[in-house]
Amino acid sequence: MNLRNVAIIAHVDHGKTTLVDQLFRQSGTFRDNQRVEERAMDSNDLEKERGITILAKCTSVEWRGTHVNIVDTPGHADFGAEVERILSMVDGVILLVDAAEGPMPQTKFVTGKALSLGLRPIVVVNKIDRPDARPAEVLDEVFELFLNLEANDEQLDFPVLYASGRAGYAGEQDTVREGDLTPLFQKIVDHVPAPALDPQGEFKMLVTLLDRDNFLGRILTGRIESGTLNINDPIRAVDVNGKSVEDGRVTKLFAFQGLERVAVETAKAGDIVAIAGLMKATVSNTIGTPQITEPLHAREIDPPTLSMTFAVNDSPFAGKDGDKVQSRVIRERLEREAEGNVAIRISETPGGEAFEVAGRGELQLGVVIETLRREGFELSISRPRVLFRDGPNGREEPYETVVIDVDDEFAGTVVEKMAQRKAEMTDMRPSGGGKTRITFSAPSRGLIGYHGEFLSDTRGTGIMNRLFEKYGAHKGPISGRQNGVLISMETGAAVAYSLNMLEERGVLFISPGDMLYEGMVIGENAKTQDLEVNPLKSKQLTNFRASGKDEGIRLTPPRRMSLEQAIAYIQDDELVEVTPKVVRLRKRFLDPHERKRQLRKAEAA
């Protein structure tokens with residue numbers, strides 16, 4: 001069968017999507033004069049802005065008579081559920097490793113998943129043209145990683161190529177600096193087996209991706225494991241227990257050609273296809289003939305480790321920016337998100353005005369919130385909480401492996417800060433160029449909100465990578481934010497004269513003219529306690545004083561927080577108000593008397 005199904009896996013920023021761009025160009029998928037954006041596979045707006053892959057995507061190229069289906073996978077651990085599902089669709093993987101950074105936490109995660117499925121990776125040492133490349137050492141580190149992950153002899157005998165995805169060449173020697181990607185195409189054809197599946201058997205397919213189309217409804221993507229499927233065939237979807245989900249008919253059948261989904265009349269075992277025509281079937285369901293009773297094996301997804309409360313926005317400015325503010329609309333949208341994103345769990349809190357959303361990390365949940373606000377939703381978001389579980393020895397909490405690369409001069413500060421957060425150092429070694437690589441095992445709870453502080457401590461030069469490690473013993477109390485906040489005691493527009501007076505109290509988050517309300521957090525207090533202030537007070541005018549304007553006042557630029565920074569910054573008694581236009585910090589209870597009452601109640605408890 002002239003067909004190959006392969007996934008590209010790697011740590012974030014090691015060059016997967018850029019390499020796929022070059023595979024497109026050199027296989028003739030794009031015309032020579034065709035204008036194509038860089039990182040064409042990152043089609044989602046958030047992916048383009050952040051420069052990361054969030055959603056796994058299928059594509060294909062034709063090379064010398066062989067049809068190669070390629071899946072570009074996310075590199076962030078938060079989107080690991082996408083990677084796990086995708087690997088069940090392919091027969092081989094290209095493992096991309098940065099020639100300078102070497103294997104990183106996510107490399108270990110995705111490689112472990114691939115090896116456990118029995119896949120034999122092709123290792124590509126990418127970015128070989130970096131001035132700080134160290135290909136021989138990186139290859140040794142990859143081999144060591146495979147040994148640690150208990151790869152079998154066949155998997156340890158992996159082919160190696162050296163490449164520059166951006167420049168579009170690959171070769172068998174680490175001295176390669178020109179050419180094209182022919183060696184990589186050839187390795188895929190030679191090393192990745194053709195699907196060994198039965199096109200004559202009963203039709204079965206496991207759904208691995210779910211997409212929506214305004215005209216076609218649900219589009220379910222997966223690999224046909226056996227049999228042949230034709231347009232208009234009757235089909236049935238069953239869940240992981242074999243229970244019927246729904247019956248329907250194939251109204252549209254698509255194959256992948258380049259970046260396009262192309263309508264086809266028929267598809268057979270081994271093909272990766274997308275089907276329209278079912279209304280309820282979802283990820284992990286098996287689709288087959290109407291007689292189907294036995295589902296295909298669906299891999300278990302690692303459980304969520306972090307949760308946040310998504311509530312209706314009840315601030316005085318609610319409904320001014322967004323048009324989707326009711327709990328019913330929020331519930332429907334979150335349920336739709338959970339259908340396609342199996343790593344997310346949604347549950348309703350008592351009262352029905354708020355929803356508990358559990359996921360794999362701050363970045364994943366941050367992306368969900370950012371997507372909702374762009375669709376016109378307004379929300380109140382709580383501080384992230386880790387999800388505990390009961391183990392054989394009592395309460396257990398999630399731990400993460402944290403790999404930090406810092407300049408030598410900042411290593412001491414980082415070790416000290418991580419120790420305060422109950423992290424244990426497991427490795428420390430020089431990584432060349434005046435940098436040190438430090439590895440920690442840390443409770444996830446201690447890492448919430450640390451990233452911003454880490455960047456400040458390392459003057460923006462440090463790199464931190466995190467990966468879920470295990471559930472382990474509860475580490476006891478961990479100190480959080482040390483400083484209190486400045487809280488507005490008035491509603492209205494901020495006045496420069498007043499903000500000038502408040503600057504000596506701490507760091508401001510607002511500018512003159514910003515609209516504020518009572519109970520809104522407008523800055524960080526230099527001291528540990530919260531302080532209520534009046535940012536609306538203007539200059540008192542008398543007969544002896546000129547009514548000088550505020551133009552003469554020079555304020556320090558405010559600290560503006562991104563959505564993720566705001567979520568990581570707040571404490572348990574605070575919320576982040578998210579609208580399509582602004583991100584505000586506020587106290588959970590806006591009325592000062594109610595805040596004091598709740599504080600007394602908490603202290604008594």
# chains A, B, ... in the order shown; residues from 1 in each chain; ligands from 1
$ residues_around --residues "region 379-385 of chain A" --least-positions-apart "3" --cutoff "9 Å" --atoms "only C-alpha atoms" --output "ChimeraX atom specification"
/A:305-315,325,330,354,362,369,372-373,445,448,567-579,588
$ residues_around --residues "region 209-225 of chain A" --least-positions-apart "4" --cutoff "7 Å" --atoms "only C-alpha atoms" --output "PyMOL selection string"
chain A and resi 89+197+204-205+268-276+278-279+282-283+340
$ write_last_selection --atoms "N, CA and C atoms" --output "PDB file, in the first residue's frame"
ATOM      1  N   MET A  89      -3.516   6.981  15.614  1.00  0.00           N
ATOM      2  CA  MET A  89      -3.887   7.022  14.191  1.00  0.00           C
ATOM      3  C   MET A  89      -2.713   6.738  13.268  1.00  0.00           C
ATOM      4  N   LEU A 197      -3.660  -3.189   7.639  1.00  0.00           N
ATOM      5  CA  LEU A 197      -5.073  -3.295   8.012  1.00  0.00           C
ATOM      6  C   LEU A 197      -5.859  -3.983   6.902  1.00  0.00           C
ATOM      7  N   LYS A 204     -14.702  -0.169  10.592  1.00  0.00           N
ATOM      8  CA  LYS A 204     -14.577   0.376  11.951  1.00  0.00           C
ATOM      9  C   LYS A 204     -13.598   1.545  11.945  1.00  0.00           C
ATOM     10  N   MET A 205     -13.890   2.556  12.762  1.00  0.00           N
ATOM     11  CA  MET A 205     -13.005   3.722  12.869  1.00  0.00           C
ATOM     12  C   MET A 205     -13.141   4.325  14.255  1.00  0.00           C
ATOM     13  N   LYS A 268     -10.682   3.555   2.404  1.00  0.00           N
ATOM     14  CA  LYS A 268     -10.478   2.179   2.879  1.00  0.00           C
ATOM     15  C   LYS A 268      -9.549   2.156   4.083  1.00  0.00           C
ATOM     16  N   ALA A 269      -9.381   0.961   4.669  1.00  0.00           N
ATOM     17  CA  ALA A 269      -8.555   0.782   5.870  1.00  0.00           C
ATOM     18  C   ALA A 269      -7.191   1.430   5.694  1.00  0.00           C
ATOM     19  N   GLY A 270      -6.772   2.185   6.718  1.00  0.00           N
ATOM     20  CA  GLY A 270      -5.487   2.882   6.684  1.00  0.00           C
ATOM     21  C   GLY A 270      -5.613   4.352   6.368  1.00  0.00           C
ATOM     22  N   ASP A 271      -6.700   4.744   5.676  1.00  0.00           N
ATOM     23  CA  ASP A 271      -6.891   6.154   5.327  1.00  0.00           C
ATOM     24  C   ASP A 271      -7.323   6.954   6.559  1.00  0.00           C
ATOM     25  N   ILE A 272      -6.799   8.172   6.655  1.00  0.00           N
ATOM     26  CA  ILE A 272      -7.269   9.116   7.683  1.00  0.00           C
ATOM     27  C   ILE A 272      -8.334   9.985   7.021  1.00  0.00           C
ATOM     28  N   VAL A 273      -9.553   9.940   7.576  1.00  0.00           N
ATOM     29  CA  VAL A 273     -10.684  10.619   6.943  1.00  0.00           C
ATOM     30  C   VAL A 273     -11.477  11.431   7.958  1.00  0.00           C
ATOM     31  N   ALA A 274     -12.335  12.307   7.421  1.00  0.00           N
ATOM     32  CA  ALA A 274     -13.273  13.065   8.253  1.00  0.00           C
ATOM     33  C   ALA A 274     -14.679  12.774   7.749  1.00  0.00           C
ATOM     34  N   ILE A 275     -15.589  12.542   8.697  1.00  0.00           N
ATOM     35  CA  ILE A 275     -16.958  12.137   8.362  1.00  0.00           C
ATOM     36  C   ILE A 275     -17.948  13.164   8.899  1.00  0.00           C
ATOM     37  N   ALA A 276     -18.943  13.511   8.090  1.00  0.00           N
ATOM     38  CA  ALA A 276     -20.070  14.331   8.564  1.00  0.00           C
ATOM     39  C   ALA A 276     -21.331  13.494   8.461  1.00  0.00           C
ATOM     40  N   LEU A 278     -23.235  12.645  11.661  1.00  0.00           N
ATOM     41  CA  LEU A 278     -23.669  12.237  13.003  1.00  0.00           C
ATOM     42  C   LEU A 278     -23.832  13.467  13.890  1.00  0.00           C
ATOM     43  N   MET A 279     -24.778  13.423  14.815  1.00  0.00           N
ATOM     44  CA  MET A 279     -25.095  14.588  15.650  1.00  0.00           C
ATOM     45  C   MET A 279     -24.555  14.477  17.075  1.00  0.00           C
ATOM     46  N   THR A 282     -18.772  11.463  19.480  1.00  0.00           N
ATOM     47  CA  THR A 282     -17.698  12.353  19.926  1.00  0.00           C
ATOM     48  C   THR A 282     -16.378  11.592  19.989  1.00  0.00           C
ATOM     49  N   VAL A 283     -15.353  12.273  20.489  1.00  0.00           N
ATOM     50  CA  VAL A 283     -14.011  11.698  20.604  1.00  0.00           C
ATOM     51  C   VAL A 283     -14.061  10.426  21.453  1.00  0.00           C
ATOM     52  N   GLY A 340     -15.203  18.290  22.429  1.00  0.00           N
ATOM     53  CA  GLY A 340     -14.050  18.089  21.551  1.00  0.00           C
ATOM     54  C   GLY A 340     -12.733  18.030  22.288  1.00  0.00           C
TER      55      GLY A 340
END
$ residues_around --residues "Met418 (chain A)" --least-positions-apart "6" --cutoff "12 Å" --atoms "only C-alpha atoms" --output "PyMOL selection string"
chain A and resi 402-404+411-412+424-425+438-448+450-451+453-454+457+464+478-479
$ residues_around --residues "Pro159 (chain A)" --least-positions-apart "3" --cutoff "10 Å" --atoms "only C-alpha atoms" --output "list of chain:residue names"
A:Arg120, A:Pro121, A:Ile122, A:Val123, A:Val124, A:Gln155, A:Leu156, A:Glu172, A:Lys187, A:His191
$ write_last_selection --atoms "all heavy atoms" --output "tab-separated table (two decimals), in the first residue's frame"
chain	number	residue	atom	x	y	z
A	120	ARG	N	8.09	3.10	16.12
A	120	ARG	CA	9.55	3.23	15.98
A	120	ARG	C	9.87	4.62	15.44
A	120	ARG	O	9.62	4.90	14.27
A	120	ARG	CB	10.09	2.17	15.02
A	120	ARG	CG	9.94	0.74	15.55
A	120	ARG	CD	10.27	-0.27	14.46
A	120	ARG	NE	11.60	-0.04	13.91
A	120	ARG	CZ	11.93	-0.31	12.65
A	120	ARG	NH1	11.02	-0.76	11.80
A	120	ARG	NH2	13.16	-0.09	12.22
A	121	PRO	N	10.43	5.49	16.28
A	121	PRO	CA	10.66	6.88	15.84
A	121	PRO	C	11.82	7.03	14.85
A	121	PRO	O	12.77	6.26	14.85
A	121	PRO	CB	11.00	7.62	17.15
A	121	PRO	CG	10.56	6.71	18.24
A	121	PRO	CD	10.70	5.32	17.71
A	122	ILE	N	11.69	8.04	13.99
A	122	ILE	CA	12.81	8.56	13.21
A	122	ILE	C	13.26	9.81	13.98
A	122	ILE	O	12.45	10.71	14.22
A	122	ILE	CB	12.37	8.97	11.80
A	122	ILE	CG1	11.85	7.76	11.02
A	122	ILE	CG2	13.51	9.66	11.05
A	122	ILE	CD1	11.14	8.12	9.72
A	123	VAL	N	14.51	9.87	14.41
A	123	VAL	CA	14.98	11.03	15.19
A	123	VAL	C	15.58	12.06	14.23
A	123	VAL	O	16.45	11.74	13.42
A	123	VAL	CB	16.04	10.60	16.24
A	123	VAL	CG1	16.63	11.83	16.92
A	123	VAL	CG2	15.40	9.67	17.27
A	124	VAL	N	15.08	13.29	14.31
A	124	VAL	CA	15.61	14.39	13.51
A	124	VAL	C	16.18	15.44	14.46
A	124	VAL	O	15.44	16.02	15.26
A	124	VAL	CB	14.51	15.03	12.62
A	124	VAL	CG1	15.07	16.22	11.86
A	124	VAL	CG2	13.95	14.00	11.65
A	155	GLN	N	13.29	-0.31	18.75
A	155	GLN	CA	13.10	1.14	18.89
A	155	GLN	C	14.43	1.85	19.15
A	155	GLN	O	14.62	3.00	18.73
A	155	GLN	CB	12.11	1.43	20.03
A	155	GLN	CG	10.68	1.04	19.69
A	155	GLN	CD	9.76	1.08	20.90
A	155	GLN	OE1	10.19	0.81	22.03
A	155	GLN	NE2	8.48	1.37	20.68
A	156	LEU	N	15.36	1.17	19.83
A	156	LEU	CA	16.67	1.77	20.10
A	156	LEU	C	17.51	1.88	18.83
A	156	LEU	O	18.43	2.70	18.75
A	156	LEU	CB	17.43	0.96	21.15
A	156	LEU	CG	16.95	1.12	22.59
A	156	LEU	CD1	17.61	0.09	23.49
A	156	LEU	CD2	17.22	2.52	23.10
A	172	GLU	N	22.39	12.89	6.50
A	172	GLU	CA	22.78	11.83	7.45
A	172	GLU	C	23.96	12.25	8.33
A	172	GLU	O	24.25	11.59	9.33
A	172	GLU	CB	23.14	10.54	6.69
A	172	GLU	CG	22.04	10.13	5.72
A	172	GLU	CD	21.55	8.71	5.95
A	172	GLU	OE1	22.27	7.95	6.60
A	172	GLU	OE2	20.45	8.38	5.50
A	187	LYS	N	13.35	8.49	4.23
A	187	LYS	CA	13.32	7.77	5.52
A	187	LYS	C	11.88	7.42	5.91
A	187	LYS	O	11.62	6.35	6.44
A	187	LYS	CB	13.96	8.64	6.62
A	187	LYS	CG	15.47	8.49	6.75
A	187	LYS	CD	15.84	7.21	7.49
A	187	LYS	CE	17.33	7.14	7.76
A	187	LYS	NZ	18.16	6.84	6.61
A	191	HIS	N	11.18	3.65	6.41
A	191	HIS	CA	11.19	3.25	7.83
A	191	HIS	C	9.79	3.10	8.43
A	191	HIS	O	9.57	2.26	9.29
A	191	HIS	CB	12.00	4.27	8.64
A	191	HIS	CG	12.20	3.89	10.07
A	191	HIS	ND1	13.10	2.93	10.46
A	191	HIS	CD2	11.59	4.32	11.21
A	191	HIS	CE1	13.06	2.79	11.79
A	191	HIS	NE2	12.14	3.63	12.25
$ closest_residue --among "A:Pro316, A:Gly452, A:Pro304, A:Gly472" --to "Glu518 (chain A)" --atoms "only C-alpha atoms"
A:Pro316
$ select_by_dssp --residues "region 266-356 of chain A" --states "alpha helix (DSSP H)" --output "list in words"
Ser327, Arg328, Val329, Ile330, Arg331, Glu332, Arg333, Leu334, Glu335, Arg336, Glu337, Ala338, Glu339 and Gly340 of chain A
$ closest_residue --among "A:Ala10, A:Leu499, A:Leu3, A:Ala343" --to "Val189 (chain A)" --atoms "only C-alpha atoms"
A:Leu3
$ closest_residue --among "A:Glu260, A:Asp405, A:Asp72, A:Glu332" --to "Ile86 (chain A)" --atoms "only C-alpha atoms"
A:Asp72
$ residues_around --residues "Val368 (chain A)" --least-positions-apart "5" --cutoff "12 Å" --atoms "only C-alpha atoms" --output "JSON, numbers by chain"
{"A": [46, 54, 78, 79, 308, 310, 333, 334, 336, 337, 338, 341, 343, 344, 357, 358, 359, 360, 361, 362, 363, 373, 374, 375, 377, 379, 381, 563, 564, 578]}
$ write_last_selection --atoms "N, CA and C atoms" --output "PDB file, in the first residue's frame"
ATOM      1  N   LEU A  46      -5.172  32.241  17.920  1.00  0.00           N
ATOM      2  CA  LEU A  46      -4.335  32.167  19.122  1.00  0.00           C
ATOM      3  C   LEU A  46      -3.002  31.483  18.827  1.00  0.00           C
ATOM      4  N   ILE A  54      -1.781  24.476  19.257  1.00  0.00           N
ATOM      5  CA  ILE A  54      -2.737  24.132  20.310  1.00  0.00           C
ATOM      6  C   ILE A  54      -3.563  22.917  19.891  1.00  0.00           C
ATOM      7  N   ASP A  78       0.218  20.901  28.426  1.00  0.00           N
ATOM      8  CA  ASP A  78      -1.194  21.178  28.699  1.00  0.00           C
ATOM      9  C   ASP A  78      -2.106  20.600  27.615  1.00  0.00           C
ATOM     10  N   PHE A  79      -1.558  20.434  26.405  1.00  0.00           N
ATOM     11  CA  PHE A  79      -2.368  19.907  25.302  1.00  0.00           C
ATOM     12  C   PHE A  79      -1.994  18.459  24.997  1.00  0.00           C
ATOM     13  N   MET A 308     -10.537  25.661  37.794  1.00  0.00           N
ATOM     14  CA  MET A 308     -10.911  27.060  38.050  1.00  0.00           C
ATOM     15  C   MET A 308     -12.427  27.141  38.021  1.00  0.00           C
ATOM     16  N   PHE A 310     -15.530  29.170  36.601  1.00  0.00           N
ATOM     17  CA  PHE A 310     -15.992  30.142  35.604  1.00  0.00           C
ATOM     18  C   PHE A 310     -17.378  30.577  36.055  1.00  0.00           C
ATOM     19  N   ARG A 333     -21.792  26.716  26.008  1.00  0.00           N
ATOM     20  CA  ARG A 333     -20.495  26.860  25.327  1.00  0.00           C
ATOM     21  C   ARG A 333     -19.431  25.974  25.974  1.00  0.00           C
ATOM     22  N   LEU A 334     -19.431  25.876  27.297  1.00  0.00           N
ATOM     23  CA  LEU A 334     -18.451  25.031  27.989  1.00  0.00           C
ATOM     24  C   LEU A 334     -18.702  23.555  27.697  1.00  0.00           C
ATOM     25  N   ARG A 336     -19.925  22.394  24.977  1.00  0.00           N
ATOM     26  CA  ARG A 336     -19.446  22.186  23.605  1.00  0.00           C
ATOM     27  C   ARG A 336     -17.920  22.048  23.583  1.00  0.00           C
ATOM     28  N   GLU A 337     -17.256  22.848  24.408  1.00  0.00           N
ATOM     29  CA  GLU A 337     -15.777  22.781  24.500  1.00  0.00           C
ATOM     30  C   GLU A 337     -15.335  21.422  25.009  1.00  0.00           C
ATOM     31  N   ALA A 338     -16.032  20.916  26.031  1.00  0.00           N
ATOM     32  CA  ALA A 338     -15.649  19.643  26.647  1.00  0.00           C
ATOM     33  C   ALA A 338     -15.875  18.465  25.709  1.00  0.00           C
ATOM     34  N   ASN A 341     -12.689  18.621  23.480  1.00  0.00           N
ATOM     35  CA  ASN A 341     -11.444  18.679  24.243  1.00  0.00           C
ATOM     36  C   ASN A 341     -11.563  17.727  25.429  1.00  0.00           C
ATOM     37  N   ALA A 343      -9.583  16.514  27.473  1.00  0.00           N
ATOM     38  CA  ALA A 343      -8.762  16.732  28.670  1.00  0.00           C
ATOM     39  C   ALA A 343      -9.448  17.681  29.647  1.00  0.00           C
ATOM     40  N   ILE A 344     -10.602  18.219  29.251  1.00  0.00           N
ATOM     41  CA  ILE A 344     -11.307  19.184  30.105  1.00  0.00           C
ATOM     42  C   ILE A 344     -12.562  18.536  30.693  1.00  0.00           C
ATOM     43  N   VAL A 357     -14.260  24.169  35.988  1.00  0.00           N
ATOM     44  CA  VAL A 357     -13.606  23.689  34.762  1.00  0.00           C
ATOM     45  C   VAL A 357     -12.241  23.140  35.137  1.00  0.00           C
ATOM     46  N   ALA A 358     -12.044  21.835  34.916  1.00  0.00           N
ATOM     47  CA  ALA A 358     -10.772  21.193  35.282  1.00  0.00           C
ATOM     48  C   ALA A 358     -10.008  20.851  34.016  1.00  0.00           C
ATOM     49  N   GLY A 359      -8.686  21.079  34.048  1.00  0.00           N
ATOM     50  CA  GLY A 359      -7.845  20.811  32.882  1.00  0.00           C
ATOM     51  C   GLY A 359      -6.444  20.420  33.295  1.00  0.00           C
ATOM     52  N   ARG A 360      -5.530  20.455  32.308  1.00  0.00           N
ATOM     53  CA  ARG A 360      -4.177  19.952  32.539  1.00  0.00           C
ATOM     54  C   ARG A 360      -3.185  21.039  32.963  1.00  0.00           C
ATOM     55  N   GLY A 361      -3.578  22.321  32.907  1.00  0.00           N
ATOM     56  CA  GLY A 361      -2.616  23.348  33.297  1.00  0.00           C
ATOM     57  C   GLY A 361      -3.155  24.744  33.064  1.00  0.00           C
ATOM     58  N   GLU A 362      -2.409  25.729  33.572  1.00  0.00           N
ATOM     59  CA  GLU A 362      -2.839  27.129  33.458  1.00  0.00           C
ATOM     60  C   GLU A 362      -2.941  27.573  32.002  1.00  0.00           C
ATOM     61  N   LEU A 363      -1.989  27.108  31.162  1.00  0.00           N
ATOM     62  CA  LEU A 363      -1.993  27.531  29.759  1.00  0.00           C
ATOM     63  C   LEU A 363      -3.228  27.010  29.038  1.00  0.00           C
ATOM     64  N   ARG A 373     -13.603  34.819  25.494  1.00  0.00           N
ATOM     65  CA  ARG A 373     -13.731  36.288  25.508  1.00  0.00           C
ATOM     66  C   ARG A 373     -13.756  36.836  24.086  1.00  0.00           C
ATOM     67  N   ARG A 374     -13.046  36.183  23.163  1.00  0.00           N
ATOM     68  CA  ARG A 374     -13.053  36.634  21.766  1.00  0.00           C
ATOM     69  C   ARG A 374     -14.389  36.358  21.087  1.00  0.00           C
ATOM     70  N   GLU A 375     -15.151  35.435  21.672  1.00  0.00           N
ATOM     71  CA  GLU A 375     -16.481  35.132  21.123  1.00  0.00           C
ATOM     72  C   GLU A 375     -17.568  36.016  21.742  1.00  0.00           C
ATOM     73  N   PHE A 377     -17.957  36.580  25.276  1.00  0.00           N
ATOM     74  CA  PHE A 377     -18.379  36.178  26.618  1.00  0.00           C
ATOM     75  C   PHE A 377     -17.771  37.100  27.674  1.00  0.00           C
ATOM     76  N   LEU A 379     -16.905  36.849  31.871  1.00  0.00           N
ATOM     77  CA  LEU A 379     -16.771  35.824  32.916  1.00  0.00           C
ATOM     78  C   LEU A 379     -16.070  36.384  34.140  1.00  0.00           C
ATOM     79  N   ILE A 381     -13.418  34.753  36.823  1.00  0.00           N
ATOM     80  CA  ILE A 381     -12.580  33.562  36.933  1.00  0.00           C
ATOM     81  C   ILE A 381     -11.895  33.531  38.298  1.00  0.00           C
ATOM     82  N   LEU A 563      -3.833  37.915  30.548  1.00  0.00           N
ATOM     83  CA  LEU A 563      -4.858  37.083  31.173  1.00  0.00           C
ATOM     84  C   LEU A 563      -4.227  36.032  32.093  1.00  0.00           C
ATOM     85  N   GLU A 564      -3.206  35.306  31.588  1.00  0.00           N
ATOM     86  CA  GLU A 564      -2.581  34.260  32.407  1.00  0.00           C
ATOM     87  C   GLU A 564      -1.902  34.840  33.645  1.00  0.00           C
ATOM     88  N   VAL A 578     -13.178  39.018  33.167  1.00  0.00           N
ATOM     89  CA  VAL A 578     -12.721  38.907  31.778  1.00  0.00           C
ATOM     90  C   VAL A 578     -13.852  39.318  30.856  1.00  0.00           C
TER      91      VAL A 578
END
$ atom_distance --atom1 "CA of Leu253 (chain A)" --atom2 "CA of Leu229 (chain A)"
8.6 Å
$ closest_residue --among "A:Gly462, A:Gly506, A:Gly118, A:Gly242" --to "Asn483 (chain A)" --atoms "only C-alpha atoms"
A:Gly506
$ select_by_dssp --residues "region 222-424 of chain A" --states "strand (DSSP E or B)" --output "ChimeraX atom specification"
/A:222-226,228-230,234-238,244-249,252-258,260-263,266-268,272-276,286-288,306-312,324,345-348,354-359,377,379-381,385-386,389-391,394-407,424
$ residues_around --residues "Tyr517 (chain A)" --least-positions-apart "4" --cutoff "10 Å" --atoms "only C-alpha atoms" --output "list of chain:residue names"
A:Ser315, A:Pro316, A:Phe317, A:Ile487, A:Ser488, A:Met489, A:Glu490, A:Thr491, A:Gly492, A:Ala493, A:Ala494, A:Val521, A:Ile522, A:Arg586, A:Leu590
$ write_last_selection --atoms "N, CA and C atoms" --output "short mmCIF file (atom, residue, chain, number, x, y, z; two decimals), in the first residue's frame"
data_model
loop_
_atom_site.label_atom_id
_atom_site.label_comp_id
_atom_site.auth_asym_id
_atom_site.auth_seq_id
_atom_site.Cartn_x
_atom_site.Cartn_y
_atom_site.Cartn_z
N SER A 315 -19.96 42.16 38.10
CA SER A 315 -19.41 43.46 38.46
C SER A 315 -20.35 44.57 38.02
N PRO A 316 -20.17 45.79 38.53
CA PRO A 316 -21.05 46.91 38.12
C PRO A 316 -20.97 47.21 36.62
N PHE A 317 -19.88 46.77 35.96
CA PHE A 317 -19.72 47.05 34.53
C PHE A 317 -20.14 45.86 33.66
N ILE A 487 -7.17 48.60 46.91
CA ILE A 487 -8.55 48.38 46.48
C ILE A 487 -9.26 49.72 46.36
N SER A 488 -9.94 49.93 45.24
CA SER A 488 -10.67 51.18 45.05
C SER A 488 -11.89 51.21 45.97
N MET A 489 -12.10 52.36 46.64
CA MET A 489 -13.27 52.50 47.49
C MET A 489 -14.35 53.36 46.82
N GLU A 490 -14.14 53.75 45.55
CA GLU A 490 -15.09 54.58 44.82
C GLU A 490 -15.34 54.02 43.43
N THR A 491 -16.39 54.50 42.78
CA THR A 491 -16.69 54.12 41.38
C THR A 491 -16.60 55.37 40.51
N GLY A 492 -15.91 55.25 39.38
CA GLY A 492 -15.74 56.40 38.48
C GLY A 492 -14.43 56.30 37.72
N ALA A 493 -14.00 57.44 37.12
CA ALA A 493 -12.77 57.46 36.33
C ALA A 493 -11.58 57.84 37.22
N ALA A 494 -10.47 57.11 37.09
CA ALA A 494 -9.27 57.37 37.89
C ALA A 494 -8.70 58.74 37.56
N VAL A 521 -9.44 45.82 42.27
CA VAL A 521 -8.02 45.86 42.64
C VAL A 521 -7.30 46.74 41.64
N ILE A 522 -6.65 47.82 42.13
CA ILE A 522 -6.02 48.78 41.21
C ILE A 522 -4.50 48.79 41.32
N ARG A 586 -10.37 42.03 40.79
CA ARG A 586 -11.35 42.53 41.74
C ARG A 586 -11.40 41.62 42.96
N LEU A 590 -17.39 42.79 46.69
CA LEU A 590 -17.04 44.18 46.39
C LEU A 590 -17.31 45.10 47.57
#
$ closest_atom_pairs --of "region 81-180 of chain A" --to "region 13-22 of chain A" --cutoff "10 Å" --atoms "only C-alpha atoms" --output "CSV"
residue,atom,partner,partner_atom,distance
A:Ile94,CA,A:Lys16,CA,9.4
A:Leu95,CA,A:Lys16,CA,9.1
A:Leu96,CA,A:His14,CA,6.7
A:Val97,CA,A:His14,CA,6.2
A:Asp98,CA,A:His14,CA,5.3
A:Ala99,CA,A:His14,CA,8.9
A:Ala100,CA,A:His14,CA,9.9
A:Glu101,CA,A:His14,CA,8.7
A:Gly102,CA,A:His14,CA,9.3
A:Pro103,CA,A:His14,CA,9.7
A:Met104,CA,A:His14,CA,9.7
A:Thr107,CA,A:His14,CA,9.6
A:Val125,CA,A:His14,CA,9.5
A:Asn126,CA,A:His14,CA,7.3
A:Lys127,CA,A:Gly15,CA,7.9
A:Ala163,CA,A:Leu19,CA,9.2
A:Ser164,CA,A:Leu19,CA,8.0
A:Gly165,CA,A:Leu19,CA,4.4
A:Arg166,CA,A:Thr18,CA,6.1
A:Ala167,CA,A:Gln22,CA,8.3
A:Gly168,CA,A:Gln22,CA,5.7
A:Tyr169,CA,A:Gln22,CA,8.8
A:Asp180,CA,A:Gln22,CA,9.1
$ residues_around --residues "Leu149 (chain A)" --least-positions-apart "5" --cutoff "10 Å" --atoms "only C-alpha atoms" --output "list in words"
Lys108, Phe109, Thr111, Gly112, Lys113, Leu115, Ser116, Phe143 and Glu144 of chain A
$ write_last_selection --atoms "C-alpha atoms" --output "JSON list (two decimals), in the first residue's frame"
[["chain", "number", "residue", "atom", "x", "y", "z"],
["A", 108, "LYS", "CA", 10.07, 12.81, 27.25],
["A", 109, "PHE", "CA", 6.28, 12.91, 27.54],
["A", 111, "THR", "CA", 8.28, 9.97, 23.23],
["A", 112, "GLY", "CA", 7.08, 7.84, 26.16],
["A", 113, "LYS", "CA", 3.56, 7.76, 24.67],
["A", 115, "LEU", "CA", 7.22, 4.05, 22.54],
["A", 116, "SER", "CA", 4.45, 2.54, 24.68],
["A", 143, "PHE", "CA", 19.59, 7.54, 23.32],
["A", 144, "GLU", "CA", 19.72, 7.87, 27.12]]
$ closest_residue --among "A:Phe254, A:Phe146, A:Phe410, A:Trp63" --to "Pro183 (chain A)" --atoms "only C-alpha atoms"
A:Trp63
